[in-house]
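Visitor: Next comes structure.txt, compact mmCIF, C-alpha atoms and all ligand atoms:
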```txt
# COMPACT_ATOMS: atom_id res chain seq x y z
CA MET M 11 0.00 0.00 0.00
CA LYS M 12 1.13 3.59 -0.57
CA ILE M 13 2.03 5.07 2.83
CA ALA M 14 3.05 8.64 3.64
CA VAL M 15 5.09 8.76 6.85
CA PHE M 16 4.92 12.16 8.57
CA SER M 17 7.34 13.58 11.16
CA THR M 18 10.07 11.29 9.82
CA LYS M 19 13.39 11.30 11.62
CA SER M 20 16.44 9.35 10.45
CA TYR M 21 15.73 6.59 12.99
CA ASP M 22 12.09 6.24 11.81
CA GLU M 23 13.27 5.79 8.23
CA GLU M 24 15.94 3.29 9.27
CA PHE M 25 13.61 1.07 11.30
CA LEU M 26 10.56 1.34 9.02
CA ALA M 27 12.61 0.66 5.86
CA LYS M 28 14.16 -2.41 7.48
CA ALA M 29 10.79 -3.74 8.73
CA ASN M 30 9.26 -3.07 5.30
CA GLU M 31 11.56 -5.65 3.71
CA ALA M 32 9.03 -8.20 5.00
CA PHE M 33 5.94 -6.25 3.86
CA GLY M 34 6.79 -4.50 0.58
CA HIS M 35 4.72 -1.34 1.08
CA GLU M 36 5.45 1.74 -1.03
CA ILE M 37 6.64 4.22 1.59
CA LYS M 38 7.22 7.95 1.19
CA PHE M 39 9.14 9.47 4.11
CA LEU M 40 8.21 13.08 4.84
CA GLU M 41 9.95 15.28 7.41
CA PRO M 42 7.13 17.75 8.23
CA ARG M 43 4.61 17.23 11.00
CA LEU M 44 1.08 16.71 9.72
CA THR M 45 -0.71 20.01 10.23
CA ILE M 46 -3.41 21.88 8.35
CA GLU M 47 -0.58 23.55 6.37
CA THR M 48 1.09 20.26 5.36
CA LEU M 49 -2.14 18.34 4.76
CA SER M 50 -1.78 18.53 0.97
CA LEU M 51 1.31 16.29 1.20
CA ALA M 52 -1.05 13.45 2.17
CA SER M 53 -2.90 13.64 -1.10
CA GLY M 54 -2.84 10.36 -3.04
CA TYR M 55 -1.87 8.23 -0.04
CA PRO M 56 -4.51 5.77 1.26
CA ALA M 57 -2.44 5.25 4.42
CA LEU M 58 -0.73 7.84 6.61
CA CYS M 59 1.74 6.91 9.33
CA LEU M 60 1.76 9.47 12.16
CA PHE M 61 3.56 10.11 15.44
CA VAL M 62 2.55 11.68 18.76
CA ASN M 63 2.52 15.33 17.71
CA ASP M 64 0.74 14.90 14.37
CA VAL M 65 -2.61 16.24 15.56
CA LEU M 66 -5.66 15.31 13.45
CA THR M 67 -8.75 17.48 13.88
CA ALA M 68 -12.24 16.81 12.54
CA ASP M 69 -11.73 19.36 9.78
CA MET M 70 -8.46 17.72 8.68
CA LEU M 71 -10.04 14.25 8.74
CA GLU M 72 -12.88 15.43 6.54
CA ARG M 73 -10.40 16.75 3.96
CA LEU M 74 -8.27 13.60 4.17
CA SER M 75 -11.34 11.46 3.60
CA GLU M 76 -12.22 13.49 0.50
CA ALA M 77 -8.63 13.02 -0.74
CA GLY M 78 -8.90 9.22 -0.36
CA THR M 79 -7.14 8.50 2.94
CA ARG M 80 -8.50 5.29 4.48
CA ILE M 81 -5.98 4.36 7.17
CA ILE M 82 -4.22 6.34 9.90
CA ALA M 83 -1.45 4.15 11.30
CA LEU M 84 -0.12 5.62 14.53
CA ARG M 85 3.42 4.57 15.35
CA CYS M 86 2.72 5.09 19.06
CA ALA M 87 0.40 3.79 21.78
CA GLY M 88 -1.44 7.00 22.74
CA PHE M 89 -4.23 8.25 20.44
CA ASN M 90 -5.34 11.41 22.29
CA HIS M 91 -4.13 13.54 19.34
CA ILE M 92 -6.68 12.09 16.89
CA ASP M 93 -10.38 13.04 16.74
CA LEU M 94 -11.59 9.44 16.73
CA ALA M 95 -15.28 10.32 16.41
CA ALA M 96 -14.53 12.31 13.24
CA ALA M 97 -12.35 9.48 11.88
CA GLN M 98 -15.26 7.05 12.35
CA ARG M 99 -17.70 9.45 10.69
CA HIS M 100 -15.43 9.62 7.65
CA ASN M 101 -14.73 5.86 7.52
CA ILE M 102 -11.06 6.30 8.26
CA MET M 103 -9.62 3.43 10.28
CA VAL M 104 -7.16 4.38 13.01
CA VAL M 105 -4.65 1.77 14.17
CA ARG M 106 -1.94 2.04 16.78
CA VAL M 107 0.86 0.09 18.41
CA PRO M 108 -0.69 -0.67 21.81
CA ALA M 109 2.38 -2.33 23.29
CA TYR M 110 5.93 -2.25 22.06
CA SER M 111 8.25 -2.04 25.00
CA PRO M 112 6.56 -1.10 28.27
CA GLN M 113 9.97 -1.82 29.75
CA ALA M 114 11.54 1.06 27.79
CA VAL M 115 9.17 3.63 29.32
CA ALA M 116 9.34 2.04 32.76
CA GLU M 117 13.13 2.08 32.77
CA HIS M 118 13.18 5.75 31.71
CA THR M 119 10.77 6.51 34.54
CA LEU M 120 13.23 4.99 36.99
CA ALA M 121 16.08 6.91 35.34
CA LEU M 122 14.23 10.17 36.08
CA ILE M 123 13.50 9.14 39.68
CA LEU M 124 17.13 8.15 40.33
CA CYS M 125 18.58 11.23 38.61
CA LEU M 126 16.35 13.57 40.61
CA ASN M 127 16.98 11.82 43.91
CA ARG M 128 20.77 11.60 43.54
CA ARG M 129 21.03 14.94 41.63
CA ILE M 130 23.01 13.22 38.90
CA THR M 131 22.91 16.01 36.29
CA ARG M 132 24.00 18.59 38.87
CA ALA M 133 26.75 16.30 40.20
CA HIS M 134 28.05 15.57 36.71
CA ALA M 135 28.14 19.28 35.81
CA ARG M 136 30.07 20.00 39.02
CA VAL M 137 32.66 17.28 38.50
CA ARG M 138 33.33 18.56 34.98
CA GLU M 139 34.20 21.90 36.59
CA SER M 140 36.48 20.20 39.15
CA ASN M 141 33.99 20.98 41.92
CA PHE M 142 33.97 17.85 44.04
CA SER M 143 31.83 19.19 46.87
CA LEU M 144 28.83 17.09 47.96
CA ALA M 145 26.85 20.02 49.38
CA GLY M 146 23.31 20.04 47.99
CA LEU M 147 23.53 16.51 46.57
CA LEU M 148 21.97 14.64 49.52
CA GLY M 149 19.59 11.91 48.40
CA PHE M 150 17.46 9.26 50.11
CA ASP M 151 17.33 5.46 50.03
CA LEU M 152 14.54 4.55 47.63
CA SER M 153 13.71 1.51 49.80
CA THR M 154 12.44 3.85 52.54
CA ARG M 155 9.93 5.57 50.29
CA THR M 156 6.33 5.10 49.19
CA VAL M 157 5.74 5.32 45.45
CA GLY M 158 2.26 5.94 44.02
CA VAL M 159 1.65 4.61 40.52
CA VAL M 160 -1.33 6.21 38.73
CA GLY M 161 -2.47 3.89 35.93
CA THR M 162 -1.33 0.28 36.23
CA GLY M 163 -1.63 -0.99 32.67
CA LYS M 164 1.37 -2.32 30.77
CA ILE M 165 3.81 0.47 31.64
CA GLY M 166 2.52 1.05 35.19
CA LEU M 167 2.90 -2.67 35.92
CA ALA M 168 6.46 -2.67 34.52
CA VAL M 169 7.24 0.28 36.83
CA VAL M 170 5.74 -1.58 39.80
CA LYS M 171 7.89 -4.64 39.05
CA ILE M 172 11.07 -2.53 39.01
CA LEU M 173 10.06 -0.65 42.17
CA ALA M 174 9.42 -3.96 43.94
CA GLY M 175 13.08 -4.77 43.29
CA PHE M 176 14.02 -1.51 45.02
CA ASP M 177 11.93 -2.60 48.05
CA CYS M 178 9.69 0.47 47.88
CA LYS M 179 6.22 0.57 49.39
CA ILE M 180 3.91 0.70 46.37
CA LEU M 181 0.50 2.35 46.20
CA ALA M 182 -1.56 2.14 43.04
CA TYR M 183 -4.60 3.80 41.52
CA ASP M 184 -6.48 2.62 38.42
CA LEU M 185 -10.09 2.35 37.32
CA TYR M 186 -9.37 -1.36 36.76
CA PRO M 187 -7.04 -2.83 39.42
CA ASN M 188 -4.46 -5.27 38.12
CA LYS M 189 -3.87 -8.52 40.08
CA GLU M 190 -0.23 -8.59 38.99
CA VAL M 191 0.35 -5.31 40.84
CA VAL M 192 -1.06 -6.78 44.04
CA LYS M 193 1.12 -9.89 43.57
CA LYS M 194 4.15 -7.59 43.46
CA GLY M 195 3.13 -6.07 46.81
CA GLY M 196 1.20 -3.05 45.52
CA THR M 197 -1.88 -1.78 47.36
CA TYR M 198 -4.75 -0.11 45.52
CA VAL M 199 -6.01 3.09 47.14
CA SER M 200 -8.10 6.04 46.01
CA PHE M 201 -6.42 8.76 43.92
CA GLU M 202 -6.70 11.14 46.88
CA GLU M 203 -5.02 8.65 49.23
CA LEU M 204 -2.26 7.97 46.73
CA MET M 205 -1.58 11.70 46.37
CA ALA M 206 -1.53 12.21 50.15
CA GLN M 207 0.64 9.22 51.08
CA SER M 208 3.22 8.97 48.30
CA ASP M 209 6.76 10.33 48.41
CA ILE M 210 6.99 9.75 44.66
CA ILE M 211 4.00 9.94 42.30
CA SER M 212 4.41 8.48 38.81
CA LEU M 213 1.79 8.94 36.08
CA HIS M 214 1.02 6.09 33.66
CA CYS M 215 -2.63 6.55 32.73
CA PRO M 216 -3.61 7.69 29.22
CA LEU M 217 -4.68 11.23 28.47
CA ASN M 218 -8.45 11.29 28.08
CA PRO M 219 -11.27 13.57 29.28
CA GLY M 220 -11.19 11.79 32.68
CA THR M 221 -7.45 12.34 33.21
CA HIS M 222 -6.89 15.76 31.62
CA HIS M 223 -5.11 17.94 34.24
CA ILE M 224 -5.48 15.23 36.88
CA ILE M 225 -2.52 17.01 38.49
CA ASN M 226 -3.86 20.45 39.32
CA GLU M 227 -4.04 23.01 42.13
CA GLU M 228 -6.43 20.80 44.12
CA SER M 229 -4.57 17.49 43.79
CA LEU M 230 -1.19 19.17 44.43
CA ALA M 231 -2.57 20.64 47.66
CA GLN M 232 -2.94 17.06 48.94
CA ILE M 233 0.66 15.90 48.39
CA LYS M 234 3.34 15.47 51.04
CA THR M 235 5.66 18.46 51.23
CA GLY M 236 8.77 17.62 49.21
CA ALA M 237 7.14 14.85 47.15
CA MET M 238 8.44 13.94 43.71
CA LEU M 239 6.20 13.94 40.60
CA ILE M 240 7.13 11.99 37.45
CA ASN M 241 5.25 12.17 34.17
CA THR M 242 6.31 9.89 31.31
CA SER M 243 2.73 9.50 30.02
CA ARG M 244 1.22 12.58 28.36
CA GLY M 245 1.77 16.27 29.05
CA GLY M 246 -1.94 17.05 29.32
CA LEU M 247 -2.19 15.06 32.57
CA ILE M 248 -0.55 18.03 34.29
CA ASP M 249 -1.69 21.62 34.63
CA THR M 250 1.81 23.08 34.30
CA PRO M 251 1.17 26.53 35.89
CA SER M 252 -0.14 24.75 39.03
CA VAL M 253 2.98 22.58 39.14
CA ILE M 254 5.20 25.66 38.81
CA ARG M 255 3.38 27.31 41.73
CA SER M 256 3.84 24.14 43.79
CA LEU M 257 7.58 24.01 42.96
CA LYS M 258 7.97 27.69 43.88
CA SER M 259 6.31 27.17 47.25
CA GLY M 260 8.46 24.10 47.97
CA LYS M 261 5.42 21.83 48.31
CA LEU M 262 6.50 19.84 45.25
CA GLY M 263 10.10 18.82 45.90
CA TYR M 264 11.10 17.34 42.56
CA LEU M 265 9.66 17.11 39.05
CA GLY M 266 10.68 14.69 36.30
CA LEU M 267 9.05 15.10 32.89
CA ASP M 268 9.38 13.26 29.62
CA VAL M 269 6.25 14.90 28.21
CA TYR M 270 4.86 18.43 28.23
CA GLU M 271 1.41 19.67 27.29
CA GLU M 272 2.72 22.09 24.65
CA GLU M 273 5.54 19.83 23.48
CA GLY M 274 4.29 19.82 19.87
CA ASP M 275 6.15 23.05 19.06
CA LEU M 276 9.36 21.95 20.80
CA PHE M 277 10.12 18.28 21.09
CA PHE M 278 11.89 16.15 18.47
CA GLU M 279 13.51 19.23 16.87
CA ASP M 280 16.93 20.82 17.31
CA LEU M 281 15.97 24.35 18.35
CA SER M 282 19.33 25.14 19.94
CA GLY M 283 19.85 28.10 17.63
CA ALA M 284 16.43 29.64 18.29
CA VAL M 285 15.02 31.77 21.12
CA LEU M 286 12.72 29.71 23.35
CA GLN M 287 9.26 31.20 22.94
CA ASP M 288 7.39 29.15 25.56
CA ASP M 289 7.64 31.09 28.84
CA VAL M 290 6.03 28.33 30.91
CA PHE M 291 8.55 25.78 29.67
CA ALA M 292 11.36 28.31 30.19
CA ARG M 293 10.26 28.75 33.82
CA LEU M 294 10.39 24.97 34.37
CA LEU M 295 13.99 24.95 33.15
CA THR M 296 15.04 27.39 35.89
CA PHE M 297 14.42 24.92 38.75
CA SER M 298 17.40 22.81 39.84
CA ASN M 299 15.00 20.13 41.11
CA VAL M 300 13.37 19.61 37.70
CA ILE M 301 14.60 17.24 34.99
CA ILE M 302 13.04 17.24 31.54
CA THR M 303 13.69 14.87 28.67
CA ALA M 304 12.07 15.42 25.27
CA HIS M 305 9.66 12.47 24.95
CA GLN M 306 12.39 9.86 24.74
CA ALA M 307 11.08 7.25 27.19
CA PHE M 308 10.08 4.95 24.31
CA PHE M 309 13.37 5.43 22.51
CA THR M 310 15.17 2.07 22.64
CA GLU M 311 16.28 -0.21 19.81
CA GLN M 312 13.79 -2.87 20.89
CA ALA M 313 10.89 -0.41 20.97
CA LEU M 314 11.68 1.14 17.57
CA GLY M 315 11.95 -2.30 15.94
CA GLU M 316 8.65 -3.40 17.46
CA ILE M 317 6.89 -0.14 16.57
CA ALA M 318 8.01 -0.36 12.93
CA HIS M 319 6.98 -4.00 12.57
CA THR M 320 3.55 -3.60 14.22
CA THR M 321 2.78 -0.40 12.30
CA LEU M 322 3.38 -2.06 8.92
CA GLN M 323 1.67 -5.27 10.05
CA ASN M 324 -1.40 -3.21 11.06
CA ILE M 325 -1.57 -1.64 7.59
CA THR M 326 -1.13 -5.02 5.86
CA GLU M 327 -3.94 -6.56 7.94
CA LEU M 328 -6.34 -3.72 7.13
CA GLU M 329 -5.38 -3.83 3.45
CA THR M 330 -5.83 -7.58 3.10
CA THR M 331 -8.67 -8.38 5.54
CA GLY M 332 -10.27 -5.03 6.41
CA LYS M 333 -9.75 -5.91 10.06
CA CYS M 334 -7.02 -5.45 12.66
CA GLY M 335 -6.88 -6.08 16.40
CA ASN M 336 -5.12 -2.75 16.92
CA VAL M 337 -7.92 -0.53 15.58
CA VAL M 338 -8.81 2.30 17.97
CA THR M 339 -12.35 3.54 18.25
CA THR M 340 -14.16 6.00 20.51
CA GLU M 341 -15.10 3.05 22.74
CA LEU M 342 -11.47 2.88 23.88
CA LEU M 343 -11.62 6.41 25.30
CA GLY M 344 -11.44 5.94 29.04
CA ALA M 345 -12.16 2.23 28.81
CA LYS M 346 -9.84 -0.71 29.14
P1 LIG D 401 -2.34 0.77 29.10
O1 LIG D 401 -3.59 0.99 28.32
O2 LIG D 401 -1.74 -0.59 29.15
O3 LIG D 401 -2.56 1.25 30.60
C1 LIG D 401 -3.21 2.46 30.94
C2 LIG D 401 -3.87 2.25 32.28
O4 LIG D 401 -4.45 3.48 32.70
C3 LIG D 401 -5.01 1.21 32.24
O5 LIG D 401 -4.82 0.24 33.25
C4 LIG D 401 -6.26 2.04 32.45
O6 LIG D 401 -7.28 1.35 33.16
C5 LIG D 401 -5.70 3.19 33.27
N1 LIG D 401 -6.59 4.35 33.28
C6 LIG D 401 -7.38 4.82 32.26
N2 LIG D 401 -8.07 5.89 32.69
C7 LIG D 401 -7.71 6.08 33.99
C8 LIG D 401 -8.09 7.03 34.97
N3 LIG D 401 -9.01 7.97 34.73
N4 LIG D 401 -7.51 6.93 36.20
C9 LIG D 401 -6.60 5.97 36.47
N5 LIG D 401 -6.21 5.05 35.58
C10 LIG D 401 -6.75 5.12 34.35
O7 LIG D 401 -1.29 1.83 28.52
P2 LIG D 401 0.30 1.77 28.68
O8 LIG D 401 0.88 1.02 27.54
O9 LIG D 401 0.64 1.39 30.07
O10 LIG D 401 0.64 3.31 28.41
C11 LIG D 401 0.25 4.32 29.31
C12 LIG D 401 0.49 5.68 28.69
O11 LIG D 401 1.89 5.89 28.54
C13 LIG D 401 -0.05 5.81 27.25
O12 LIG D 401 -1.41 6.19 27.25
C14 LIG D 401 0.84 6.86 26.65
O13 LIG D 401 0.20 8.11 26.78
C15 LIG D 401 2.07 6.85 27.52
N6 LIG D 401 3.29 6.49 26.77
C16 LIG D 401 4.35 7.32 26.80
C17 LIG D 401 5.51 6.99 26.12
C18 LIG D 401 6.72 7.88 26.14
O14 LIG D 401 7.64 7.69 25.32
N7 LIG D 401 6.82 8.83 27.04
C19 LIG D 401 5.57 5.81 25.38
C20 LIG D 401 4.46 4.95 25.39
C21 LIG D 401 3.31 5.30 26.08
```
What does this structure look like when you write it as structure tokens?
Guide:
Amino acid sequence: MKIAVFSTKSYDEEFLAKANEAFGHEIKFLEPRLTIETLSLASGYPALCLFVNDVLTADMLERLSEAGTRIIALRCAGFNHIDLAAAQRHNIMVVRVPAYSPQAVAEHTLALILCLNRRITRAHARVRESNFSLAGLLGFDLSTRTVGVVGTGKIGLAVVKILAGFDCKILAYDLYPNKEVVKKGGTYVSFEELMAQSDIISLHCPLNPGTHHIINEESLAQIKTGAMLINTSRGGLIDTPSVIRSLKSGKLGYLGLDVYEEEGDLFFEDLSGAVLQDDVFARLLTFSNVIITAHQAFFTEQALGEIAHTTLQNITELETTGKCGNVVTTELLGAK
């Protein structure tokens, strides 16, 4: 099938081209993000392959449908950036890669926790300047802490398994409790209890209307003073101005982000020669107890290989049978 791949980076091309040796699709790699301005590039392609910041609105889907697009193949798990109701109205099938390497995201989550706790970036910068002082680098033993995991699906469970190895006390919150979490020693509590009792709060639920800004002024008021917040899920889970206020007051002690609500204009690009225009993001960068990575939690060899294979497999299944187990519909919004 003819596929236009948007937001292509060198690694996307490398892994998709290799995986395509087994499928034989006709792939066009395009660097631009899919936006209303770049929509015309999709013309003539029945399948589009999109990434996390290729936002598809109802208006765009209507135009794509008129231009003959039939399949949107997301090379990611989240689908909050696609108007699914509009896709259904226009008979455009949306498929995703529901699981590629939960381990990749879970391990990055732990990397953020450990870096924040042991002030690794600060320590490294100091040593490079021949400053070998330990002042300000004091950490804590992770085994003495309570970690609250919000959303215990594939990634949340992988995080719980790693945390169990660190001997942490684990609290969990999910609409659908997972027996595996309990087997690993986790205890399900209400969201309010988790916020109030956790030293570290890690977000792993999808972004949907029920979770949008789940971290806000009200929920942050409940946390322990000095708690750590980690978000490797989706930026929209957090109301960033509230988090900044909490950091300024010292209530929130540490923040680790791999995602940011307005990341679409920043992440995945080299903007080192440009002036940063996002004042909220710029404020986050001023805190020494904040670490931000640019949506790289998924970025391992294993995950990229799996994403490429499943994406092309999804398209082949739809092309040959009209069906695919990885189709996303509005029923999946907020449901398991
Ligand atoms: P999953 O579907 O396996 O698990 C999500 C869990 O969240 C489910 O158990 C679900 O019941 C729960 N949930 C849904 N609504 C909830 C709510 N209102 N409150 C509490 N829990 C709720 O998904 P996953 O594979 O574990 O991925 C989780 C999220 O991680 C994805 O939605 C995606 O946004 C994000 N993600 C980020 C990266 C990255 O590189 N940073 C990579 C992959 C996925």
Visitor: Please tabulate, as CSV, the residues of chain M that come within 9 Å of ligand LIG 401 (chain D), each with its closest pair of atoms and the distance in Å to one decimal, counting only C-alpha atoms and all ligand atoms and ordering rows by chain, then residue number upward.
Guide:
```
residue,atom,partner,partner_atom,distance
M:Cys86,CA,D:LIG401,C20,6.6
M:Ala87,CA,D:LIG401,C21,5.4
M:Gly88,CA,D:LIG401,O13,4.5
M:Phe89,CA,D:LIG401,O12,7.7
M:Asn90,CA,D:LIG401,O13,7.9
M:Pro108,CA,D:LIG401,O8,6.2
M:Ala109,CA,D:LIG401,O8,5.6
M:Tyr110,CA,D:LIG401,C20,8.1
M:Ser111,CA,D:LIG401,C20,8.0
M:Pro112,CA,D:LIG401,O8,6.1
M:Ala114,CA,D:LIG401,C19,8.0
M:Val115,CA,D:LIG401,C19,5.8
M:His118,CA,D:LIG401,N7,8.5
M:Thr119,CA,D:LIG401,N7,8.8
M:Val160,CA,D:LIG401,C9,5.7
M:Gly161,CA,D:LIG401,O4,3.8
M:Thr162,CA,D:LIG401,O5,4.6
M:Gly163,CA,D:LIG401,O3,3.2
M:Lys164,CA,D:LIG401,O9,3.8
M:Ile165,CA,D:LIG401,O9,3.7
M:Gly166,CA,D:LIG401,O9,5.5
M:Leu167,CA,D:LIG401,O9,7.5
M:Ala168,CA,D:LIG401,O9,8.4
M:Tyr183,CA,D:LIG401,C9,5.8
M:Asp184,CA,D:LIG401,N5,3.7
M:Leu185,CA,D:LIG401,N5,5.0
M:Tyr186,CA,D:LIG401,O6,5.0
M:Pro187,CA,D:LIG401,O5,7.2
M:Asn188,CA,D:LIG401,O5,7.4
M:Phe201,CA,D:LIG401,C9,8.0
M:Leu213,CA,D:LIG401,O11,8.1
M:His214,CA,D:LIG401,C11,4.8
M:Cys215,CA,D:LIG401,O4,3.6
M:Pro216,CA,D:LIG401,O12,3.3
M:Leu217,CA,D:LIG401,O13,6.0
M:Asn218,CA,D:LIG401,N2,7.1
M:Pro219,CA,D:LIG401,N3,8.1
M:Gly220,CA,D:LIG401,N3,4.9
M:Thr221,CA,D:LIG401,N3,4.9
M:His222,CA,D:LIG401,N3,8.7
M:Ile224,CA,D:LIG401,N3,8.4
M:Asn241,CA,D:LIG401,N7,8.0
M:Thr242,CA,D:LIG401,N7,4.4
M:Ser243,CA,D:LIG401,C15,3.7
M:Arg244,CA,D:LIG401,O13,4.8
M:Gly245,CA,D:LIG401,O13,8.6
M:Leu267,CA,D:LIG401,N7,8.9
M:Asp268,CA,D:LIG401,N7,5.7
M:Val269,CA,D:LIG401,N7,6.2
M:Ala304,CA,D:LIG401,N7,8.6
M:His305,CA,D:LIG401,N7,5.1
M:Gln306,CA,D:LIG401,O14,5.3
M:Ala307,CA,D:LIG401,O14,3.9
M:Phe308,CA,D:LIG401,O14,3.8
M:Phe309,CA,D:LIG401,O14,6.8
M:Leu343,CA,D:LIG401,N2,8.2
M:Gly344,CA,D:LIG401,N2,5.0
M:Ala345,CA,D:LIG401,C6,6.4
M:Lys346,CA,D:LIG401,O6,5.2
```
Visitor: Record the distance separating atom CA of M:Phe142 and atom CA of M:Asn127, expressed in Å with one decimal.
Guide: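 Rounded to one decimal, the two atoms are 18.0 Å apart.
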Visitor: Which residue is closest to M:Arg132? Choose from M:Ser298, M:Gly315, M:Pro42, M:Arg80 and count only C-alpha atoms.
Guide: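 Smallest separation from M:Arg132 among the options: M:Ser298.
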Visitor: So which one's closest to M:Thr326, M:Lys19, M:His35, M:Lys193, M:Lys28? Using all atoms listed in the file, please.
Guide: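 Residue with the minimum atom-to-atom distance to M:Thr326: M:His35.
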Visitor: For M:Gln287, please output as a ChimeraX atom specification all residues within 12 Å (counting all atoms listed in the file; exclusion window: fewer than 2 positions along the same chain).
Guide: /M:272-273,275-276,281,284-285,289-293
Visitor: Could you tell me how far atom CA of M:Ser259 lies from atom CA of M:Val170, in Å and to one decimal?
Guide: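 That distance, rounded to one decimal, is 29.7 Å.
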Visitor: Please measure the separation of atom CA of M:Gly158 and atom CA of M:Ser212, giving the value in Å to one decimal.
Guide: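 Atom CA of M:Ser212 lies 6.2 Å from atom CA of M:Gly158.
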Visitor: Could you list, as a list in words, every residue within 9 Å of M:Ala57, counting all atoms listed in the file and ignoring same-chain residues fewer than 6 positions away?
Guide: Met11, Lys12, Ile13, Ala14, Val15, Gly78, Thr79, Arg80, Ile81, Ile82, Ala83 and Ile325 of chain M
Visitor: For a cut-off of 8 Å around (20.2, 4.4, 46.0), file coordinates, pick out all residues using all atoms listed in the file and list them as a PyMOL selection string.
Guide: chain M and resi 124+128+149-152
Visitor: Keeping only C-alpha atoms, write the selected residues as a CSV table (one decimal), in the frame of the given file.
Guide:
```
chain,number,residue,atom,x,y,z
M,124,LEU,CA,17.1,8.2,40.3
M,128,ARG,CA,20.8,11.6,43.5
M,149,GLY,CA,19.6,11.9,48.4
M,150,PHE,CA,17.5,9.3,50.1
M,151,ASP,CA,17.3,5.5,50.0
M,152,LEU,CA,14.5,4.6,47.6
```
Visitor: Would you list the contacts of M:His100 as number ranges by chain, taking every protein, DNA or RNA residue within 8 Å and counting only C-alpha atoms, but skipping same-chain residues closer than 4 positions in sequence?
Guide: M: 71-72, 75, 96
Visitor: Using all atoms listed in the file for the distances, tell me which of M:Ala133, M:Ile302, M:Asp177, M:Lys171 is nearest to M:Thr154.
Guide: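 Among the listed residues, M:Asp177 lies closest to M:Thr154.
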Visitor: Using all atoms listed in the file - which residues lie no farther than 9 Å from the point (0.2, 3.9, 49.0) in the file's frame? Write them as a ChimeraX atom specification.
Guide: /M:156-159,179-183,196-199,203-208
Visitor: I want to know what sits within 6 Å of stretch 51-54 of chain M, based on only C-alpha atoms, with residues of the same chain fewer than 2 positions away left out; could you give that as a ChimeraX atom specification?
Guide: /M:48-49,77
